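Chemist: This is the structure, below, for whatever I ask next.
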Amino acid sequence: MAFATVDQLAGDDRKFTVSPEIKQFTLLDMGFKKLNNGSFVLKQPLSGVNPAIGFTLKVGISKDLKQLKLVVTDAKGLRKVNLFDDKHPEDVEQLNFQIQNLILRKVLAITN
């Protein structure tokens, strides 16, 4: 995962940055895993019914808590997916819920 200061999901108009108020303990509390290189990653299934066939939101945060990487993939995590093509309204709703939670917990911030 290549990190950037600003990132956005495929097909989404919003751009995101790491919140300046982010805390490491918040990441761990929300289910982020700390990797050997010191960065953090969250893999959140967007389909509660059967995550094996749904989509997955992946959020990566660099070890210095300054950069991020956002992507939605297929269930196996091999292919990037654009959920904003009007074919997946339930998944977009779940994605927006997950993103809003990350914003409320001061992990992500929306930028212009």
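Ligands are numbered from 1 in the order shown, chains are lettered A, B, ... in the order of the structure tokens, and residues start at 1 in each chain.
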Using only C-alpha atoms, determine which residues lie at most 7 Å from region 95-110 of chain A, disregarding the query and same-chain residues fewer than 4 positions distant; provide the list as a list of chain:residue names.
Modeler: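 Listed by chain and then number, they are A:Arg14, A:Lys15, A:Phe16, A:Thr17, A:Val18, A:Ser19, A:Glu21, A:Ile22, A:Leu46, A:Asp91.
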Chemist: Could you write out, as a ChimeraX atom specification, all the residues of region 9-95 of chain A that DSSP marks as strand (DSSP E)?
Modeler: /A:15-18,33-34,40-45,55-61,68-74
Chemist: Which value, in Å to one decimal, gives the distance between CA of Val59 (chain A) and CA of Val72 (chain A)?
Modeler: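 Computing the Euclidean distance for CA of Val59 (chain A) and CA of Val72 (chain A) yields 8.8 Å.
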Chemist: Write out as a list in words the set of residues from chain A that DSSP, computed on the backbone, places in alpha helix (DSSP H).
Modeler: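 So, restricting chain A to alpha helix (DSSP H), we get Gln24, Phe25, Thr26, Leu27, Leu28, Asp29, Pro89, Glu90, Asp91, Val92, Glu93, Gln94, Leu95, Asn96, Phe97, Gln98, Ile99, Gln100, Asn101, Leu102, Ile103 and Leu104 of chain A.
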Chemist: Can you write out the residues you just picked, keeping N, CA and C atoms, as a short mmCIF file (atom, residue, chain, number, x, y, z; two decimals), in the first residue's frame?
Modeler:
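After the write, part09.cif holds the following:
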```cif
data_model
loop_
_atom_site.label_atom_id
_atom_site.label_comp_id
_atom_site.auth_asym_id
_atom_site.auth_seq_id
_atom_site.Cartn_x
_atom_site.Cartn_y
_atom_site.Cartn_z
N GLN A 24 -2.99 6.85 18.29
CA GLN A 24 -2.69 5.44 18.04
C GLN A 24 -3.65 4.52 18.77
N PHE A 25 -3.99 4.84 20.01
CA PHE A 25 -4.89 3.97 20.77
C PHE A 25 -6.28 3.92 20.14
N THR A 26 -6.70 5.01 19.46
CA THR A 26 -7.99 5.00 18.77
C THR A 26 -7.96 4.00 17.62
N LEU A 27 -6.86 3.97 16.89
CA LEU A 27 -6.72 3.01 15.79
C LEU A 27 -6.85 1.58 16.31
N LEU A 28 -6.13 1.27 17.36
CA LEU A 28 -6.17 -0.08 17.91
C LEU A 28 -7.55 -0.40 18.47
N ASP A 29 -8.19 0.58 19.09
CA ASP A 29 -9.54 0.41 19.64
C ASP A 29 -10.56 0.13 18.54
N PRO A 89 -26.08 0.12 -4.24
CA PRO A 89 -26.52 1.16 -3.29
C PRO A 89 -26.41 0.74 -1.82
N GLU A 90 -26.65 -0.53 -1.51
CA GLU A 90 -26.56 -0.98 -0.12
C GLU A 90 -25.11 -0.93 0.37
N ASP A 91 -24.18 -1.29 -0.52
CA ASP A 91 -22.77 -1.26 -0.14
C ASP A 91 -22.27 0.17 0.02
N VAL A 92 -22.77 1.09 -0.82
CA VAL A 92 -22.39 2.50 -0.68
C VAL A 92 -22.90 3.04 0.65
N GLU A 93 -24.11 2.65 1.03
CA GLU A 93 -24.66 3.08 2.32
C GLU A 93 -23.79 2.58 3.47
N GLN A 94 -23.38 1.33 3.41
CA GLN A 94 -22.53 0.76 4.46
C GLN A 94 -21.15 1.42 4.45
N LEU A 95 -20.62 1.69 3.26
CA LEU A 95 -19.33 2.38 3.14
C LEU A 95 -19.41 3.76 3.78
N ASN A 96 -20.47 4.50 3.48
CA ASN A 96 -20.64 5.83 4.06
C ASN A 96 -20.75 5.77 5.58
N PHE A 97 -21.40 4.74 6.10
CA PHE A 97 -21.49 4.56 7.55
C PHE A 97 -20.10 4.33 8.14
N GLN A 98 -19.30 3.48 7.51
CA GLN A 98 -17.95 3.19 8.00
C GLN A 98 -17.07 4.44 7.95
N ILE A 99 -17.16 5.19 6.84
CA ILE A 99 -16.36 6.41 6.70
C ILE A 99 -16.78 7.44 7.75
N GLN A 100 -18.08 7.59 7.96
CA GLN A 100 -18.58 8.54 8.96
C GLN A 100 -18.07 8.18 10.35
N ASN A 101 -18.03 6.89 10.65
CA ASN A 101 -17.51 6.44 11.94
C ASN A 101 -16.04 6.81 12.09
N LEU A 102 -15.26 6.64 11.03
CA LEU A 102 -13.84 7.00 11.07
C LEU A 102 -13.66 8.51 11.24
N ILE A 103 -14.57 9.29 10.67
CA ILE A 103 -14.50 10.74 10.83
C ILE A 103 -14.88 11.14 12.26
N LEU A 104 -15.94 10.54 12.79
CA LEU A 104 -16.37 10.85 14.16
C LEU A 104 -15.31 10.49 15.19
#
```
Chemist: Please, what distance in Å, to one decimal, runs between CA of Lys63 (chain A) and CA of Phe32 (chain A)?
Modeler: 12.1 Å
Chemist: Between A:Val41, A:Leu35, A:Ser47, A:Phe84, which one has atoms that come closest to Leu70 (chain A), using only C-alpha atoms?
Modeler: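 Selected residue with least distance to Leu70 (chain A): A:Val41.
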Chemist: Out of A:Ala4, A:Ile53, A:Leu9, A:Leu42, which residue has the shortest atom-to-atom distance to Lys66 (chain A) when counting only C-alpha atoms?
Modeler: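 Smallest separation from Lys66 (chain A) among the options: A:Ala4.
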Chemist: So which residues touch Asp74 (chain A) within 10 Å, counting only C-alpha atoms, skipping near sequence neighbours fewer than 6 positions away, as a PDB file with N, CA and C atoms, in the first residue's frame?
Modeler:
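part_26.pdb, freshly written:
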```
ATOM      1  N   PRO A  45     -15.266  -5.553   6.133  1.00  0.00           N
ATOM      2  CA  PRO A  45     -16.246  -6.025   5.139  1.00  0.00           C
ATOM      3  C   PRO A  45     -17.449  -5.091   5.096  1.00  0.00           C
ATOM      4  N   PRO A  51     -19.611 -11.877   4.032  1.00  0.00           N
ATOM      5  CA  PRO A  51     -18.426 -11.119   3.658  1.00  0.00           C
ATOM      6  C   PRO A  51     -17.541 -11.825   2.638  1.00  0.00           C
ATOM      7  N   ALA A  52     -17.737 -13.126   2.443  1.00  0.00           N
ATOM      8  CA  ALA A  52     -16.916 -13.863   1.489  1.00  0.00           C
ATOM      9  C   ALA A  52     -17.237 -13.494   0.045  1.00  0.00           C
ATOM     10  N   ILE A  53     -18.411 -12.903  -0.196  1.00  0.00           N
ATOM     11  CA  ILE A  53     -18.766 -12.538  -1.570  1.00  0.00           C
ATOM     12  C   ILE A  53     -18.989 -11.038  -1.738  1.00  0.00           C
ATOM     13  N   GLY A  54     -18.804 -10.266  -0.678  1.00  0.00           N
ATOM     14  CA  GLY A  54     -19.050  -8.825  -0.723  1.00  0.00           C
ATOM     15  C   GLY A  54     -17.793  -8.041  -1.037  1.00  0.00           C
ATOM     16  N   PHE A  55     -17.798  -6.795  -0.605  1.00  0.00           N
ATOM     17  CA  PHE A  55     -16.678  -5.886  -0.816  1.00  0.00           C
ATOM     18  C   PHE A  55     -16.034  -5.563   0.521  1.00  0.00           C
ATOM     19  N   THR A  56     -14.786  -5.109   0.463  1.00  0.00           N
ATOM     20  CA  THR A  56     -14.027  -4.804   1.672  1.00  0.00           C
ATOM     21  C   THR A  56     -13.431  -3.408   1.568  1.00  0.00           C
ATOM     22  N   LEU A  57     -13.615  -2.608   2.620  1.00  0.00           N
ATOM     23  CA  LEU A  57     -12.954  -1.317   2.737  1.00  0.00           C
ATOM     24  C   LEU A  57     -11.620  -1.546   3.433  1.00  0.00           C
ATOM     25  N   LYS A  80      -9.453  -3.647  -7.205  1.00  0.00           N
ATOM     26  CA  LYS A  80     -10.113  -2.417  -6.768  1.00  0.00           C
ATOM     27  C   LYS A  80     -11.496  -2.344  -7.394  1.00  0.00           C
ATOM     28  N   VAL A  81     -12.459  -1.809  -6.631  1.00  0.00           N
ATOM     29  CA  VAL A  81     -13.847  -1.749  -7.074  1.00  0.00           C
ATOM     30  C   VAL A  81     -14.353  -0.320  -6.927  1.00  0.00           C
ATOM     31  N   ASN A  82     -15.173   0.123  -7.883  1.00  0.00           N
ATOM     32  CA  ASN A  82     -15.867   1.398  -7.809  1.00  0.00           C
ATOM     33  C   ASN A  82     -17.304   1.116  -7.397  1.00  0.00           C
TER      34      ASN A  82
END
```
Chemist: Using only C-alpha atoms for the distances, tell me which of A:Lys43, A:Ser62, A:Gly31, A:Pro20 is nearest to Ala2 (chain A).
Modeler: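 Going through A:Lys43, A:Ser62, A:Gly31, A:Pro20 one by one, the smallest distance to Ala2 (chain A) is for A:Ser62.
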Chemist: So, with only C-alpha atoms as the atoms that count, which of A:Thr73, A:Asn36, A:Asn112, A:Thr5 lies closest to Ile61 (chain A)?
Modeler: A:Thr5
